[in-house]
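Peer 1: Before anything else, here's the structure in question.
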Amino acid sequence: MITAERKPLAEIKAMLAPYRKILVVGCGTCVAECASGGEKEVGLLASALRMDAQIEGRTIEAHEMTIDRQCVYEFIDKLTEAVGRYDVILSLGCGAGVQAVAEVFPKTPVVPALNTTFIGETKESGLWVENCRACGDCKLGYFAGVCPVTRCAKGLFNGPCGGSKNGACEVDPDSPCAWQLIVERLDSAGRSDLLEAIYPPADWSKQQGKGPRKIVREDQRSES
Amino acid sequence: MDQISAGLNITIFFCRQLDINQDKNRRAIEKELGPRVRFFPLPCSGRIEPLHLLRAFESGADMVYLIACPEGACRYREGNLRAKKRVQYAQKLIEEIGLEGARIELINKTAAMPANIGAIAKELLARDAKVSTSAVRSK
């Protein structure tokens, strides 16, 4: 899941300053799960913007809509009928969602209400943790399902640094030591032999340095 | 000056578990004060959402109360504890737009308070007004 947090209201207001009719658009997938961009958050932000304008003596219209996904055209298309009536779209989608909406409606300014933060997991209600850097070269099969690139503060590939205390990371005592988890889980799965292997440095060219990445699956594409 | 004399509109969300006769017991105040006081019974205070609280202000409330069971006495174990956090979150949201956080108040019922929701509401309305008319309503 992609996680995000709402920008400060002052920053959002500054971006919206030239506009009066605002379409506040939520996304019902990742950012709804992390309570930053779903239907409820759209309601909260639109309500805050309307009240703020009223307090300042400005007149705005802030209409609320939430679509299932802001990163897929078929869902974005649900906005088509409404968009023409607004001066601006305030997107509560992740960065991918904002860009996809902007591409579909090039004549309408689209501004982000969220800061996209990381790919993570819902650990418990109200707690999300980063556990994937989308490096493009997943080695979780060798590391007992714990990513040392993301979850080890030092990104170590070949064993622990030795600085952990009581299973906690020395850089951030609130985080478990990724290598302690890897060793314990490999032990309990009877695969501690994997610890003997030497892993070469990660190939970061699969993640960066070549512009935006693409995945092409011809079997999934339409003919037209 | 009490809150009604100060011209405030009051919205009261409350846990229905507090008073099994809540429907009857709030009628007298509703009749007397009309739309100046609005009651919203909840199955548990933990049902409250920050959005409910913001919408109350948008609809003209100057002061919003959420009346919950005493801590440790929630029928659903932690509903009133969740309500407390949501009230705190909503307070931050309204402060962002320049309204005082004190406009939202969580009241945990105590043994000294009456069991009748109407009587509790009367006690709240009789309190000194800590805020003036909301800027959302008055502009």
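Chain labels follow the order of the structure tokens: the first chain is A, the next B, and so on; residue numbering restarts at 1 in every chain, and ligands are counted from 1 in their shown order.
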Would you mind listing, for every residue of chain B within 9 Å of chain A, the two atoms forming the shortest contact and the distance between them in Å to one decimal, using only C-alpha atoms, sorted by chain and ascending residue number, as CSV?
Peer 2:
residue,atom,partner,partner_atom,distance
B:Glu49,CA,A:Lys40,CA,8.8
B:Pro50,CA,A:Leu44,CA,7.5
B:Leu51,CA,A:Leu44,CA,5.5
B:Leu54,CA,A:Ser47,CA,6.8
B:Arg55,CA,A:Ser47,CA,6.9
B:Phe57,CA,A:Met51,CA,8.3
B:Glu58,CA,A:Met51,CA,6.4
B:Leu93,CA,A:Ala48,CA,7.5
B:Ile94,CA,A:Ala48,CA,7.4
B:Glu96,CA,A:Leu9,CA,6.9
B:Ile97,CA,A:Asp52,CA,5.3
B:Gly98,CA,A:Asp52,CA,7.8
B:Ser134,CA,A:Ile55,CA,8.9
B:Ala135,CA,A:Ile55,CA,5.4
B:Val136,CA,A:Ile55,CA,5.3
B:Arg137,CA,A:Gln54,CA,8.3
B:Ser138,CA,A:Ile55,CA,8.4
B:Lys139,CA,A:Ile55,CA,6.4
Peer 1: Can I get the selection written as an mmCIF file, in the first residue's frame, with C-alpha atoms?
Peer 2:
data_model
loop_
_atom_site.group_PDB
_atom_site.id
_atom_site.type_symbol
_atom_site.label_atom_id
_atom_site.label_comp_id
_atom_site.auth_asym_id
_atom_site.auth_seq_id
_atom_site.Cartn_x
_atom_site.Cartn_y
_atom_site.Cartn_z
ATOM 1 C CA GLU B 49 -16.014 10.722 13.858
ATOM 2 C CA PRO B 50 -14.081 13.987 13.551
ATOM 3 C CA LEU B 51 -16.246 14.635 10.483
ATOM 4 C CA LEU B 54 -16.712 19.529 11.881
ATOM 5 C CA ARG B 55 -20.080 19.213 10.199
ATOM 6 C CA PHE B 57 -19.721 23.682 13.189
ATOM 7 C CA GLU B 58 -20.421 23.983 9.492
ATOM 8 C CA LEU B 93 -8.449 20.480 12.809
ATOM 9 C CA ILE B 94 -10.612 23.381 13.931
ATOM 10 C CA GLU B 96 -6.037 25.008 11.922
ATOM 11 C CA ILE B 97 -8.839 27.220 10.639
ATOM 12 C CA GLY B 98 -8.680 29.574 13.604
ATOM 13 C CA SER B 134 -18.371 31.086 16.017
ATOM 14 C CA ALA B 135 -16.800 33.037 13.181
ATOM 15 C CA VAL B 136 -18.149 30.398 10.801
ATOM 16 C CA ARG B 137 -21.703 31.301 11.741
ATOM 17 C CA SER B 138 -21.371 35.021 12.270
ATOM 18 C CA LYS B 139 -19.792 35.991 8.926
#
Peer 1: Excluding Thr117 of chain A and its own-chain neighbours fewer than 4 positions away, which residues fall within 8 Å of it when counting only C-alpha atoms? Please give them as a ChimeraX atom specification.
Peer 2: /A:2-5
Peer 1: For the residues in the current selection, export C-alpha atoms as an mmCIF file, in the first residue's frame.
Peer 2:
data_model
loop_
_atom_site.group_PDB
_atom_site.id
_atom_site.type_symbol
_atom_site.label_atom_id
_atom_site.label_comp_id
_atom_site.auth_asym_id
_atom_site.auth_seq_id
_atom_site.Cartn_x
_atom_site.Cartn_y
_atom_site.Cartn_z
ATOM 1 C CA ILE A 2 1.142 3.534 -0.754
ATOM 2 C CA THR A 3 0.950 5.745 2.323
ATOM 3 C CA ALA A 4 0.531 9.498 2.505
ATOM 4 C CA GLU A 5 -0.097 12.292 4.961
#
Peer 1: Give the helix (DSSP H, G or I) residues of segment 3-223 of chain A, as assigned by DSSP on the backbone, as an MDAnalysis selection string.
Peer 2: chainID A and resid 9:16 30:33 39:55 73:83 95:104 148:151 178:188 192:196 204:206 218:220
Peer 1: Taking the chain letters and numbering used in this document, name the residues of segment 36-162 of chain A that DSSP puts in strand (DSSP E or B), as an NGL selection string.
Peer 2: :A and (61-67 or 88-91 or 110-112 or 114-124 or 127-132)
Peer 1: Can you pull out every residue within 7 Å of Val25 of chain A, counting only C-alpha atoms, but drop anything in the same chain fewer than 3 positions away, and send it as a PyMOL selection string?
Peer 2: chain A and resi 42+64-66+89-92
Peer 1: Using only C-alpha atoms, which residues sit within 12 Å of Pro201 of chain A once same-chain residues fewer than 3 positions away are excluded, as a ChimeraX atom specification?
Peer 2: /A:137,139,148-149,155-158,198,204-205
